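K.L.:
Sharing input-v5.txt below, compact mmCIF, N, CA and C atoms:
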# COMPACT_ATOMS: atom_id res chain seq x y z
N GLN P 1 -9.35 -6.72 -4.51
CA GLN P 1 -8.86 -7.60 -3.47
C GLN P 1 -7.43 -7.29 -3.10
N LEU P 2 -6.76 -6.46 -3.94
CA LEU P 2 -5.37 -6.10 -3.68
C LEU P 2 -5.27 -4.60 -3.50
N GLN P 3 -4.60 -4.19 -2.45
CA GLN P 3 -4.43 -2.78 -2.15
C GLN P 3 -2.95 -2.47 -2.05
N ALA P 4 -2.48 -1.63 -2.97
CA ALA P 4 -1.06 -1.28 -3.00
C ALA P 4 -0.83 0.04 -2.29
N SER P 5 0.29 0.15 -1.63
CA SER P 5 0.64 1.39 -0.93
C SER P 5 2.15 1.53 -0.87
N GLY P 6 2.60 2.73 -0.50
CA GLY P 6 4.02 2.94 -0.26
C GLY P 6 4.75 3.74 -1.30
N GLY P 7 4.08 4.12 -2.38
CA GLY P 7 4.76 4.92 -3.39
C GLY P 7 5.03 6.33 -2.90
N GLY P 8 5.75 7.07 -3.72
CA GLY P 8 6.05 8.44 -3.36
C GLY P 8 7.16 9.01 -4.20
N LEU P 9 7.67 10.15 -3.75
CA LEU P 9 8.75 10.85 -4.43
C LEU P 9 10.04 10.65 -3.64
N VAL P 10 11.09 10.26 -4.34
CA VAL P 10 12.37 10.00 -3.69
C VAL P 10 13.49 10.46 -4.62
N GLN P 11 14.62 10.82 -4.04
CA GLN P 11 15.76 11.22 -4.85
C GLN P 11 16.53 10.01 -5.36
N THR P 12 17.29 10.22 -6.39
CA THR P 12 18.15 9.16 -6.92
C THR P 12 19.01 8.58 -5.80
N GLY P 13 19.06 7.26 -5.75
CA GLY P 13 19.82 6.58 -4.71
C GLY P 13 19.02 6.27 -3.47
N GLY P 14 17.82 6.77 -3.39
CA GLY P 14 16.99 6.55 -2.22
C GLY P 14 16.28 5.20 -2.24
N SER P 15 15.45 5.00 -1.23
CA SER P 15 14.74 3.73 -1.08
C SER P 15 13.26 3.96 -0.82
N LEU P 16 12.48 2.99 -1.23
CA LEU P 16 11.05 2.97 -0.93
C LEU P 16 10.64 1.52 -0.72
N ARG P 17 9.60 1.35 0.05
CA ARG P 17 9.05 0.01 0.25
C ARG P 17 7.58 0.03 -0.14
N LEU P 18 7.23 -0.78 -1.11
CA LEU P 18 5.84 -0.92 -1.53
C LEU P 18 5.24 -2.13 -0.83
N SER P 19 3.96 -2.00 -0.50
CA SER P 19 3.27 -3.11 0.13
C SER P 19 1.96 -3.39 -0.59
N CYS P 20 1.67 -4.64 -0.77
CA CYS P 20 0.42 -5.08 -1.39
C CYS P 20 -0.32 -5.93 -0.37
N ALA P 21 -1.46 -5.44 0.07
CA ALA P 21 -2.25 -6.16 1.05
C ALA P 21 -3.46 -6.78 0.38
N ALA P 22 -3.65 -8.06 0.59
CA ALA P 22 -4.79 -8.75 0.02
C ALA P 22 -5.91 -8.82 1.05
N SER P 23 -7.13 -8.71 0.56
CA SER P 23 -8.29 -8.77 1.45
C SER P 23 -8.69 -10.21 1.74
N VAL P 24 -7.99 -11.14 1.09
CA VAL P 24 -8.26 -12.55 1.30
C VAL P 24 -6.93 -13.23 1.59
N ASN P 25 -7.01 -14.48 1.99
CA ASN P 25 -5.80 -15.22 2.27
C ASN P 25 -5.06 -15.52 0.97
N ILE P 26 -3.80 -15.10 0.92
CA ILE P 26 -3.05 -15.24 -0.33
C ILE P 26 -2.70 -16.69 -0.65
N PHE P 27 -2.99 -17.59 0.25
CA PHE P 27 -2.82 -19.01 -0.06
C PHE P 27 -3.65 -19.40 -1.27
N GLY P 28 -4.73 -18.67 -1.51
CA GLY P 28 -5.62 -19.01 -2.60
C GLY P 28 -5.16 -18.54 -3.96
N PHE P 29 -4.14 -17.68 -3.99
CA PHE P 29 -3.60 -17.20 -5.25
C PHE P 29 -2.47 -18.10 -5.74
N GLY P 30 -2.12 -17.88 -7.00
CA GLY P 30 -0.91 -18.48 -7.52
C GLY P 30 0.25 -17.55 -7.23
N ALA P 31 1.10 -17.38 -8.21
CA ALA P 31 2.23 -16.47 -8.04
C ALA P 31 1.73 -15.05 -7.82
N MET P 32 2.53 -14.28 -7.12
CA MET P 32 2.21 -12.86 -6.91
C MET P 32 3.44 -12.03 -7.27
N GLY P 33 3.18 -10.79 -7.63
CA GLY P 33 4.32 -10.00 -8.03
C GLY P 33 4.00 -8.53 -8.20
N TRP P 34 5.00 -7.82 -8.68
CA TRP P 34 4.90 -6.39 -8.94
C TRP P 34 5.27 -6.12 -10.39
N TYR P 35 4.47 -5.28 -11.01
CA TYR P 35 4.71 -4.81 -12.36
C TYR P 35 4.79 -3.28 -12.30
N ARG P 36 5.29 -2.70 -13.37
CA ARG P 36 5.30 -1.24 -13.44
C ARG P 36 5.05 -0.78 -14.87
N GLN P 37 4.53 0.44 -14.95
CA GLN P 37 4.26 1.02 -16.26
C GLN P 37 4.65 2.49 -16.24
N ALA P 38 5.63 2.81 -17.05
CA ALA P 38 6.06 4.18 -17.21
C ALA P 38 5.26 4.84 -18.33
N PRO P 39 5.17 6.16 -18.34
CA PRO P 39 4.42 6.85 -19.39
C PRO P 39 4.90 6.46 -20.79
N GLY P 40 3.97 6.09 -21.64
CA GLY P 40 4.30 5.74 -23.01
C GLY P 40 4.92 4.38 -23.20
N LYS P 41 5.00 3.61 -22.13
CA LYS P 41 5.61 2.28 -22.21
C LYS P 41 4.62 1.21 -21.79
N GLN P 42 4.93 -0.01 -22.16
CA GLN P 42 4.09 -1.12 -21.76
C GLN P 42 4.37 -1.52 -20.31
N ARG P 43 3.38 -2.13 -19.73
CA ARG P 43 3.55 -2.65 -18.38
C ARG P 43 4.57 -3.79 -18.41
N GLU P 44 5.48 -3.78 -17.44
CA GLU P 44 6.52 -4.79 -17.42
C GLU P 44 6.64 -5.43 -16.04
N LEU P 45 7.09 -6.65 -16.03
CA LEU P 45 7.32 -7.36 -14.78
C LEU P 45 8.52 -6.75 -14.06
N VAL P 46 8.36 -6.55 -12.77
CA VAL P 46 9.46 -6.09 -11.93
C VAL P 46 10.00 -7.25 -11.10
N ALA P 47 9.10 -7.91 -10.39
CA ALA P 47 9.50 -9.04 -9.55
C ALA P 47 8.29 -9.93 -9.33
N ARG P 48 8.57 -11.21 -9.20
CA ARG P 48 7.49 -12.18 -9.06
C ARG P 48 7.95 -13.29 -8.14
N ILE P 49 7.03 -13.75 -7.30
CA ILE P 49 7.34 -14.87 -6.41
C ILE P 49 6.28 -15.94 -6.61
N SER P 50 6.74 -17.15 -6.89
CA SER P 50 5.82 -18.24 -7.17
C SER P 50 5.27 -18.83 -5.87
N VAL P 51 4.32 -19.71 -6.01
CA VAL P 51 3.74 -20.38 -4.85
C VAL P 51 4.83 -21.10 -4.05
N GLY P 52 5.75 -21.70 -4.77
CA GLY P 52 6.82 -22.43 -4.12
C GLY P 52 7.97 -21.57 -3.63
N GLY P 53 7.88 -20.26 -3.88
CA GLY P 53 8.91 -19.35 -3.40
C GLY P 53 9.98 -19.00 -4.41
N ARG P 54 9.83 -19.46 -5.64
CA ARG P 54 10.80 -19.11 -6.67
C ARG P 54 10.62 -17.65 -7.07
N ILE P 55 11.72 -16.90 -7.09
CA ILE P 55 11.66 -15.46 -7.34
C ILE P 55 12.30 -15.13 -8.67
N THR P 56 11.64 -14.25 -9.39
CA THR P 56 12.13 -13.74 -10.67
C THR P 56 12.19 -12.22 -10.60
N TYR P 57 13.29 -11.66 -11.05
CA TYR P 57 13.44 -10.21 -11.12
C TYR P 57 13.72 -9.78 -12.56
N ALA P 58 13.25 -8.59 -12.91
CA ALA P 58 13.68 -7.99 -14.16
C ALA P 58 15.17 -7.69 -14.05
N ASP P 59 15.88 -7.83 -15.15
CA ASP P 59 17.32 -7.58 -15.13
C ASP P 59 17.64 -6.18 -14.61
N SER P 60 16.77 -5.25 -14.93
CA SER P 60 17.04 -3.86 -14.58
C SER P 60 16.97 -3.58 -13.07
N VAL P 61 16.40 -4.49 -12.30
CA VAL P 61 16.25 -4.24 -10.87
C VAL P 61 17.03 -5.25 -10.02
N LYS P 62 17.65 -6.23 -10.64
CA LYS P 62 18.39 -7.24 -9.88
C LYS P 62 19.46 -6.58 -9.02
N GLY P 63 19.53 -7.01 -7.78
CA GLY P 63 20.51 -6.46 -6.86
C GLY P 63 20.05 -5.19 -6.16
N ARG P 64 18.95 -4.63 -6.61
CA ARG P 64 18.45 -3.38 -6.01
C ARG P 64 17.09 -3.56 -5.35
N PHE P 65 16.27 -4.44 -5.92
CA PHE P 65 14.92 -4.66 -5.41
C PHE P 65 14.82 -6.05 -4.78
N THR P 66 13.98 -6.15 -3.76
CA THR P 66 13.74 -7.43 -3.11
C THR P 66 12.24 -7.61 -2.88
N ILE P 67 11.73 -8.73 -3.36
CA ILE P 67 10.32 -9.05 -3.14
C ILE P 67 10.22 -10.02 -1.98
N SER P 68 9.17 -9.85 -1.18
CA SER P 68 8.96 -10.75 -0.06
C SER P 68 7.47 -10.97 0.13
N ARG P 69 7.17 -12.08 0.74
CA ARG P 69 5.77 -12.45 0.93
C ARG P 69 5.56 -12.85 2.39
N ASP P 70 4.44 -12.43 2.95
CA ASP P 70 4.07 -12.81 4.31
C ASP P 70 2.68 -13.43 4.25
N ARG P 71 2.63 -14.74 4.33
CA ARG P 71 1.34 -15.42 4.19
C ARG P 71 0.44 -15.22 5.40
N VAL P 72 1.01 -14.93 6.52
CA VAL P 72 0.19 -14.67 7.72
C VAL P 72 -0.53 -13.32 7.58
N LYS P 73 0.23 -12.33 7.12
CA LYS P 73 -0.35 -10.99 6.95
C LYS P 73 -1.05 -10.83 5.61
N SER P 74 -0.87 -11.79 4.72
CA SER P 74 -1.42 -11.71 3.36
C SER P 74 -0.91 -10.47 2.63
N THR P 75 0.38 -10.30 2.67
CA THR P 75 1.01 -9.17 2.00
C THR P 75 2.18 -9.63 1.12
N VAL P 76 2.43 -8.84 0.09
CA VAL P 76 3.61 -9.02 -0.74
C VAL P 76 4.27 -7.65 -0.85
N ASP P 77 5.49 -7.55 -0.42
CA ASP P 77 6.19 -6.28 -0.38
C ASP P 77 7.31 -6.23 -1.42
N LEU P 78 7.64 -5.01 -1.80
CA LEU P 78 8.76 -4.79 -2.71
C LEU P 78 9.65 -3.72 -2.10
N GLN P 79 10.81 -4.14 -1.64
CA GLN P 79 11.80 -3.20 -1.11
C GLN P 79 12.67 -2.73 -2.26
N MET P 80 12.67 -1.43 -2.48
CA MET P 80 13.42 -0.85 -3.60
C MET P 80 14.54 0.04 -3.06
N SER P 81 15.74 -0.24 -3.49
CA SER P 81 16.89 0.55 -3.04
C SER P 81 17.67 1.03 -4.26
N SER P 82 18.57 1.97 -4.02
CA SER P 82 19.40 2.54 -5.10
C SER P 82 18.54 2.94 -6.28
N LEU P 83 17.47 3.63 -5.99
CA LEU P 83 16.51 3.99 -7.03
C LEU P 83 17.11 4.94 -8.05
N LYS P 84 16.66 4.77 -9.28
CA LYS P 84 17.13 5.57 -10.41
C LYS P 84 15.93 6.27 -11.06
N PRO P 85 16.18 7.35 -11.76
CA PRO P 85 15.07 8.03 -12.44
C PRO P 85 14.29 7.10 -13.37
N GLU P 86 14.96 6.13 -13.96
CA GLU P 86 14.26 5.20 -14.87
C GLU P 86 13.36 4.23 -14.14
N ASP P 87 13.39 4.22 -12.81
CA ASP P 87 12.45 3.42 -12.05
C ASP P 87 11.11 4.13 -11.87
N THR P 88 11.04 5.36 -12.30
CA THR P 88 9.79 6.13 -12.20
C THR P 88 8.69 5.46 -13.01
N ALA P 89 7.59 5.17 -12.35
CA ALA P 89 6.48 4.48 -13.00
C ALA P 89 5.34 4.32 -11.99
N VAL P 90 4.23 3.86 -12.50
CA VAL P 90 3.15 3.40 -11.62
C VAL P 90 3.39 1.91 -11.39
N TYR P 91 3.42 1.53 -10.14
CA TYR P 91 3.69 0.14 -9.77
C TYR P 91 2.38 -0.55 -9.40
N TYR P 92 2.21 -1.74 -9.93
CA TYR P 92 0.99 -2.50 -9.72
C TYR P 92 1.31 -3.85 -9.08
N CYS P 93 0.51 -4.18 -8.11
CA CYS P 93 0.58 -5.50 -7.51
C CYS P 93 -0.28 -6.45 -8.33
N ASN P 94 0.16 -7.69 -8.46
CA ASN P 94 -0.56 -8.69 -9.25
C ASN P 94 -0.63 -10.01 -8.51
N ALA P 95 -1.76 -10.67 -8.67
CA ALA P 95 -1.92 -12.03 -8.14
C ALA P 95 -2.49 -12.90 -9.24
N GLU P 96 -1.82 -14.00 -9.51
CA GLU P 96 -2.23 -14.90 -10.59
C GLU P 96 -3.22 -15.94 -10.08
N ARG P 97 -3.85 -16.59 -11.03
CA ARG P 97 -4.80 -17.64 -10.71
C ARG P 97 -4.14 -18.70 -9.83
N GLY P 98 -4.90 -19.13 -8.83
CA GLY P 98 -4.36 -20.13 -7.92
C GLY P 98 -5.36 -21.22 -7.61
N ALA P 99 -5.15 -21.87 -6.51
CA ALA P 99 -5.97 -23.02 -6.14
C ALA P 99 -7.40 -22.64 -5.79
N VAL P 100 -7.58 -21.40 -5.34
CA VAL P 100 -8.91 -20.97 -4.90
C VAL P 100 -9.47 -19.89 -5.83
N PHE P 101 -8.64 -18.91 -6.16
CA PHE P 101 -9.09 -17.76 -6.95
C PHE P 101 -8.69 -17.95 -8.40
N SER P 102 -9.68 -17.89 -9.28
CA SER P 102 -9.46 -18.28 -10.67
C SER P 102 -9.09 -17.13 -11.59
N GLY P 103 -9.09 -15.91 -11.09
CA GLY P 103 -8.80 -14.79 -11.96
C GLY P 103 -7.36 -14.33 -11.89
N ASN P 104 -7.08 -13.27 -12.63
CA ASN P 104 -5.79 -12.58 -12.57
C ASN P 104 -6.09 -11.20 -12.00
N TYR P 105 -5.55 -10.89 -10.85
CA TYR P 105 -5.97 -9.72 -10.09
C TYR P 105 -4.89 -8.64 -10.06
N TRP P 106 -5.36 -7.39 -10.11
CA TRP P 106 -4.45 -6.26 -10.07
C TRP P 106 -4.85 -5.30 -8.95
N GLY P 107 -3.84 -4.74 -8.30
CA GLY P 107 -4.08 -3.65 -7.38
C GLY P 107 -4.29 -2.36 -8.15
N GLN P 108 -4.54 -1.29 -7.43
CA GLN P 108 -4.91 -0.03 -8.08
C GLN P 108 -3.71 0.76 -8.58
N GLY P 109 -2.51 0.37 -8.25
CA GLY P 109 -1.32 1.10 -8.70
C GLY P 109 -0.89 2.16 -7.71
N THR P 110 0.40 2.31 -7.58
CA THR P 110 0.95 3.35 -6.72
C THR P 110 2.12 4.01 -7.46
N GLN P 111 2.13 5.33 -7.44
CA GLN P 111 3.12 6.08 -8.20
C GLN P 111 4.45 6.14 -7.46
N VAL P 112 5.51 5.82 -8.19
CA VAL P 112 6.87 5.99 -7.69
C VAL P 112 7.58 6.97 -8.62
N THR P 113 8.09 8.03 -8.05
CA THR P 113 8.81 9.04 -8.82
C THR P 113 10.19 9.23 -8.22
N VAL P 114 11.20 9.06 -9.07
CA VAL P 114 12.59 9.20 -8.62
C VAL P 114 13.17 10.43 -9.31
N SER P 115 13.53 11.40 -8.52
CA SER P 115 14.07 12.64 -9.08
C SER P 115 15.58 12.56 -9.22
N SER P 116 16.09 13.21 -10.26
CA SER P 116 17.54 13.18 -10.52
C SER P 116 18.25 14.30 -9.80
Any chance you could put this one into structure tokens?
P.N.:
Amino acid sequence: QLQASGGGLVQTGGSLRLSCAASVNIFGFGAMGWYRQAPGKQRELVARISVGGRITYADSVKGRFTISRDRVKSTVDLQMSSLKPEDTAVYYCNAERGAVFSGNYWGQGTQVTVSS
């Protein structure tokens, strides 16, 4: 139900915008967000936006990444700026259980590679 796009290869200091498009109205989900998983590491939260609009960022991305939600388009985007090599990972879109959809949903992942 979630389709992630926008990953790619970028140099240090560059920017990328990830987009997560839902095949259903995101009103039915709970919080939505982006996670990432680097090789050999656990999946970690990058940014999350609650139903009420409360936003949480990982300390490592504060001031560089911005999460946004468009309920009309049913998308959740992640604008990433000042990218660093340590941001290299597979990024996953997530949607938590909400008023309509009872599961925890993941997109297919999109690779972000930041070269030094």
K.L.:
With only C-alpha atoms counted, which protein, DNA or RNA residues have an atom no more than 9 Å from (1.8, 6.7, 0.8) in the file frame? Please answer as a list of chain:residue names.
P.N.:
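Protein, DNA and RNA residues close to (1.8, 6.7, 0.8): P:Ser5, P:Gly6, P:Gly7, P:Gly8, P:Leu18, P:Thr110.
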K.L.:
Using only N, CA and C atoms, pick whichever of P:Gln42, P:Ser15, P:Ser60, P:Gln111 has the shortest atom-to-atom distance to Val90 in chain P.
P.N.:
P:Gln111
K.L.:
Find, counting all atoms listed in the file, the residue in P:Val112, P:Leu83, P:Ala99, P:Cys93 that gets nearest to Phe27 in chain P.
P.N.:
P:Ala99
K.L.:
Which residue, P:Asn94, P:Ser115, P:Gln79, P:Thr88, has the smallest gap to Ile67 in chain P when you use all atoms listed in the file?
P.N.:
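Checking each of P:Asn94, P:Ser115, P:Gln79, P:Thr88 against Ile67 in chain P, counting all atoms listed in the file, the winner is P:Gln79.
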K.L.:
Can you tell me, as a PyMOL selection string, which residues in chain P count as helix (DSSP H, G or I) by DSSP?
P.N.:
chain P and resi 26-28+59-61+85-87
K.L.:
Give me a file of those residues, with N, CA and C atoms, as a PDB file, keeping the file's coordinate frame.
P.N.:
ATOM      1  N   ILE P  26      -3.800 -15.100   0.920  1.00  0.00           N
ATOM      2  CA  ILE P  26      -3.050 -15.240  -0.330  1.00  0.00           C
ATOM      3  C   ILE P  26      -2.700 -16.690  -0.650  1.00  0.00           C
ATOM      4  N   PHE P  27      -2.990 -17.590   0.250  1.00  0.00           N
ATOM      5  CA  PHE P  27      -2.820 -19.010  -0.060  1.00  0.00           C
ATOM      6  C   PHE P  27      -3.650 -19.400  -1.270  1.00  0.00           C
ATOM      7  N   GLY P  28      -4.730 -18.670  -1.510  1.00  0.00           N
ATOM      8  CA  GLY P  28      -5.620 -19.010  -2.600  1.00  0.00           C
ATOM      9  C   GLY P  28      -5.160 -18.540  -3.960  1.00  0.00           C
ATOM     10  N   ASP P  59      15.880  -7.830 -15.150  1.00  0.00           N
ATOM     11  CA  ASP P  59      17.320  -7.580 -15.130  1.00  0.00           C
ATOM     12  C   ASP P  59      17.640  -6.180 -14.610  1.00  0.00           C
ATOM     13  N   SER P  60      16.770  -5.250 -14.930  1.00  0.00           N
ATOM     14  CA  SER P  60      17.040  -3.860 -14.580  1.00  0.00           C
ATOM     15  C   SER P  60      16.970  -3.580 -13.070  1.00  0.00           C
ATOM     16  N   VAL P  61      16.400  -4.490 -12.300  1.00  0.00           N
ATOM     17  CA  VAL P  61      16.250  -4.240 -10.870  1.00  0.00           C
ATOM     18  C   VAL P  61      17.030  -5.250 -10.020  1.00  0.00           C
ATOM     19  N   PRO P  85      16.180   7.350 -11.760  1.00  0.00           N
ATOM     20  CA  PRO P  85      15.070   8.030 -12.440  1.00  0.00           C
ATOM     21  C   PRO P  85      14.290   7.100 -13.370  1.00  0.00           C
ATOM     22  N   GLU P  86      14.960   6.130 -13.960  1.00  0.00           N
ATOM     23  CA  GLU P  86      14.260   5.200 -14.870  1.00  0.00           C
ATOM     24  C   GLU P  86      13.360   4.230 -14.140  1.00  0.00           C
ATOM     25  N   ASP P  87      13.390   4.220 -12.810  1.00  0.00           N
ATOM     26  CA  ASP P  87      12.450   3.420 -12.050  1.00  0.00           C
ATOM     27  C   ASP P  87      11.110   4.130 -11.870  1.00  0.00           C
TER      28      ASP P  87
END
K.L.:
For Ser81 in chain P, which residue out of P:Ala47, P:Leu16, P:Ala95, P:Ala38 is the nearest one, using only N, CA and C atoms?
P.N.:
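Of P:Ala47, P:Leu16, P:Ala95, P:Ala38, the one nearest Ser81 in chain P is P:Leu16, counting only N, CA and C atoms.
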K.L.:
Have a look at P:Tyr91, P:Glu96, P:Thr56, P:Ser102 and name the one nearest to Gly30 in chain P; count all atoms listed in the file.
P.N.:
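Closest candidate: P:Glu96.
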K.L.:
Within range 1-115 of chain P, find each residue whose DSSP state, derived from the backbone, is strand (DSSP E or B), and express the selection as a compact mmCIF listing (two decimals) with N, CA and C atoms, in the coordinates of the input.
P.N.:
# COMPACT_ATOMS: atom_id res chain seq x y z
N LEU P 2 -6.76 -6.46 -3.94
CA LEU P 2 -5.37 -6.10 -3.68
C LEU P 2 -5.27 -4.60 -3.50
N GLN P 3 -4.60 -4.19 -2.45
CA GLN P 3 -4.43 -2.78 -2.15
C GLN P 3 -2.95 -2.47 -2.05
N ALA P 4 -2.48 -1.63 -2.97
CA ALA P 4 -1.06 -1.28 -3.00
C ALA P 4 -0.83 0.04 -2.29
N SER P 5 0.29 0.15 -1.63
CA SER P 5 0.64 1.39 -0.93
C SER P 5 2.15 1.53 -0.87
N GLY P 8 5.75 7.07 -3.72
CA GLY P 8 6.05 8.44 -3.36
C GLY P 8 7.16 9.01 -4.20
N LEU P 9 7.67 10.15 -3.75
CA LEU P 9 8.75 10.85 -4.43
C LEU P 9 10.04 10.65 -3.64
N VAL P 10 11.09 10.26 -4.34
CA VAL P 10 12.37 10.00 -3.69
C VAL P 10 13.49 10.46 -4.62
N GLN P 11 14.62 10.82 -4.04
CA GLN P 11 15.76 11.22 -4.85
C GLN P 11 16.53 10.01 -5.36
N LEU P 16 12.48 2.99 -1.23
CA LEU P 16 11.05 2.97 -0.93
C LEU P 16 10.64 1.52 -0.72
N ARG P 17 9.60 1.35 0.05
CA ARG P 17 9.05 0.01 0.25
C ARG P 17 7.58 0.03 -0.14
N LEU P 18 7.23 -0.78 -1.11
CA LEU P 18 5.84 -0.92 -1.53
C LEU P 18 5.24 -2.13 -0.83
N SER P 19 3.96 -2.00 -0.50
CA SER P 19 3.27 -3.11 0.13
C SER P 19 1.96 -3.39 -0.59
N CYS P 20 1.67 -4.64 -0.77
CA CYS P 20 0.42 -5.08 -1.39
C CYS P 20 -0.32 -5.93 -0.37
N ALA P 21 -1.46 -5.44 0.07
CA ALA P 21 -2.25 -6.16 1.05
C ALA P 21 -3.46 -6.78 0.38
N ALA P 22 -3.65 -8.06 0.59
CA ALA P 22 -4.79 -8.75 0.02
C ALA P 22 -5.91 -8.82 1.05
N MET P 32 2.53 -14.28 -7.12
CA MET P 32 2.21 -12.86 -6.91
C MET P 32 3.44 -12.03 -7.27
N GLY P 33 3.18 -10.79 -7.63
CA GLY P 33 4.32 -10.00 -8.03
C GLY P 33 4.00 -8.53 -8.20
N TRP P 34 5.00 -7.82 -8.68
CA TRP P 34 4.90 -6.39 -8.94
C TRP P 34 5.27 -6.12 -10.39
N TYR P 35 4.47 -5.28 -11.01
CA TYR P 35 4.71 -4.81 -12.36
C TYR P 35 4.79 -3.28 -12.30
N ARG P 36 5.29 -2.70 -13.37
CA ARG P 36 5.30 -1.24 -13.44
C ARG P 36 5.05 -0.78 -14.87
N GLN P 37 4.53 0.44 -14.95
CA GLN P 37 4.26 1.02 -16.26
C GLN P 37 4.65 2.49 -16.24
N GLU P 44 5.48 -3.78 -17.44
CA GLU P 44 6.52 -4.79 -17.42
C GLU P 44 6.64 -5.43 -16.04
N LEU P 45 7.09 -6.65 -16.03
CA LEU P 45 7.32 -7.36 -14.78
C LEU P 45 8.52 -6.75 -14.06
N VAL P 46 8.36 -6.55 -12.77
CA VAL P 46 9.46 -6.09 -11.93
C VAL P 46 10.00 -7.25 -11.10
N ALA P 47 9.10 -7.91 -10.39
CA ALA P 47 9.50 -9.04 -9.55
C ALA P 47 8.29 -9.93 -9.33
N ARG P 48 8.57 -11.21 -9.20
CA ARG P 48 7.49 -12.18 -9.06
C ARG P 48 7.95 -13.29 -8.14
N ILE P 49 7.03 -13.75 -7.30
CA ILE P 49 7.34 -14.87 -6.41
C ILE P 49 6.28 -15.94 -6.61
N ILE P 55 11.72 -16.90 -7.09
CA ILE P 55 11.66 -15.46 -7.34
C ILE P 55 12.30 -15.13 -8.67
N THR P 56 11.64 -14.25 -9.39
CA THR P 56 12.13 -13.74 -10.67
C THR P 56 12.19 -12.22 -10.60
N TYR P 57 13.29 -11.66 -11.05
CA TYR P 57 13.44 -10.21 -11.12
C TYR P 57 13.72 -9.78 -12.56
N PHE P 65 16.27 -4.44 -5.92
CA PHE P 65 14.92 -4.66 -5.41
C PHE P 65 14.82 -6.05 -4.78
N THR P 66 13.98 -6.15 -3.76
CA THR P 66 13.74 -7.43 -3.11
C THR P 66 12.24 -7.61 -2.88
N ILE P 67 11.73 -8.73 -3.36
CA ILE P 67 10.32 -9.05 -3.14
C ILE P 67 10.22 -10.02 -1.98
N SER P 68 9.17 -9.85 -1.18
CA SER P 68 8.96 -10.75 -0.06
C SER P 68 7.47 -10.97 0.13
N ARG P 69 7.17 -12.08 0.74
CA ARG P 69 5.77 -12.45 0.93
C ARG P 69 5.56 -12.85 2.39
N ASP P 70 4.44 -12.43 2.95
CA ASP P 70 4.07 -12.81 4.31
C ASP P 70 2.68 -13.43 4.25
N THR P 75 0.38 -10.30 2.67
CA THR P 75 1.01 -9.17 2.00
C THR P 75 2.18 -9.63 1.12
N VAL P 76 2.43 -8.84 0.09
CA VAL P 76 3.61 -9.02 -0.74
C VAL P 76 4.27 -7.65 -0.85
N ASP P 77 5.49 -7.55 -0.42
CA ASP P 77 6.19 -6.28 -0.38
C ASP P 77 7.31 -6.23 -1.42
N LEU P 78 7.64 -5.01 -1.80
CA LEU P 78 8.76 -4.79 -2.71
C LEU P 78 9.65 -3.72 -2.10
N GLN P 79 10.81 -4.14 -1.64
CA GLN P 79 11.80 -3.20 -1.11
C GLN P 79 12.67 -2.73 -2.26
N MET P 80 12.67 -1.43 -2.48
CA MET P 80 13.42 -0.85 -3.60
C MET P 80 14.54 0.04 -3.06
N ALA P 89 7.59 5.17 -12.35
CA ALA P 89 6.48 4.48 -13.00
C ALA P 89 5.34 4.32 -11.99
N VAL P 90 4.23 3.86 -12.50
CA VAL P 90 3.15 3.40 -11.62
C VAL P 90 3.39 1.91 -11.39
N TYR P 91 3.42 1.53 -10.14
CA TYR P 91 3.69 0.14 -9.77
C TYR P 91 2.38 -0.55 -9.40
N TYR P 92 2.21 -1.74 -9.93
CA TYR P 92 0.99 -2.50 -9.72
C TYR P 92 1.31 -3.85 -9.08
N CYS P 93 0.51 -4.18 -8.11
CA CYS P 93 0.58 -5.50 -7.51
C CYS P 93 -0.28 -6.45 -8.33
N ASN P 94 0.16 -7.69 -8.46
CA ASN P 94 -0.56 -8.69 -9.25
C ASN P 94 -0.63 -10.01 -8.51
N ALA P 95 -1.76 -10.67 -8.67
CA ALA P 95 -1.92 -12.03 -8.14
C ALA P 95 -2.49 -12.90 -9.24
N TYR P 105 -5.55 -10.89 -10.85
CA TYR P 105 -5.97 -9.72 -10.09
C TYR P 105 -4.89 -8.64 -10.06
N TRP P 106 -5.36 -7.39 -10.11
CA TRP P 106 -4.45 -6.26 -10.07
C TRP P 106 -4.85 -5.30 -8.95
N THR P 110 0.40 2.31 -7.58
CA THR P 110 0.95 3.35 -6.72
C THR P 110 2.12 4.01 -7.46
N GLN P 111 2.13 5.33 -7.44
CA GLN P 111 3.12 6.08 -8.20
C GLN P 111 4.45 6.14 -7.46
N VAL P 112 5.51 5.82 -8.19
CA VAL P 112 6.87 5.99 -7.69
C VAL P 112 7.58 6.97 -8.62
N THR P 113 8.09 8.03 -8.05
CA THR P 113 8.81 9.04 -8.82
C THR P 113 10.19 9.23 -8.22
N VAL P 114 11.20 9.06 -9.07
CA VAL P 114 12.59 9.20 -8.62
C VAL P 114 13.17 10.43 -9.31
N SER P 115 13.53 11.40 -8.52
CA SER P 115 14.07 12.64 -9.08
C SER P 115 15.58 12.56 -9.22
K.L.:
Please identify all polymer residues within 5 Å of Leu78 in chain P, counting only N, CA and C atoms, omitting same-chain residues fewer than 2 positions from it, and present them as a list in words.
P.N.:
Arg17, Leu18, Ser19, Thr66, Ile67, Val76 and Met80 of chain P
K.L.:
Those residues you just picked out, can you put them in a file as a CSV table (one decimal), in the coordinates of the input with N, CA and C atoms?
P.N.:
chain,number,residue,atom,x,y,z
P,17,ARG,N,9.6,1.4,0.0
P,17,ARG,CA,9.0,0.0,0.2
P,17,ARG,C,7.6,0.0,-0.1
P,18,LEU,N,7.2,-0.8,-1.1
P,18,LEU,CA,5.8,-0.9,-1.5
P,18,LEU,C,5.2,-2.1,-0.8
P,19,SER,N,4.0,-2.0,-0.5
P,19,SER,CA,3.3,-3.1,0.1
P,19,SER,C,2.0,-3.4,-0.6
P,66,THR,N,14.0,-6.2,-3.8
P,66,THR,CA,13.7,-7.4,-3.1
P,66,THR,C,12.2,-7.6,-2.9
P,67,ILE,N,11.7,-8.7,-3.4
P,67,ILE,CA,10.3,-9.0,-3.1
P,67,ILE,C,10.2,-10.0,-2.0
P,76,VAL,N,2.4,-8.8,0.1
P,76,VAL,CA,3.6,-9.0,-0.7
P,76,VAL,C,4.3,-7.6,-0.8
P,80,MET,N,12.7,-1.4,-2.5
P,80,MET,CA,13.4,-0.8,-3.6
P,80,MET,C,14.5,0.0,-3.1
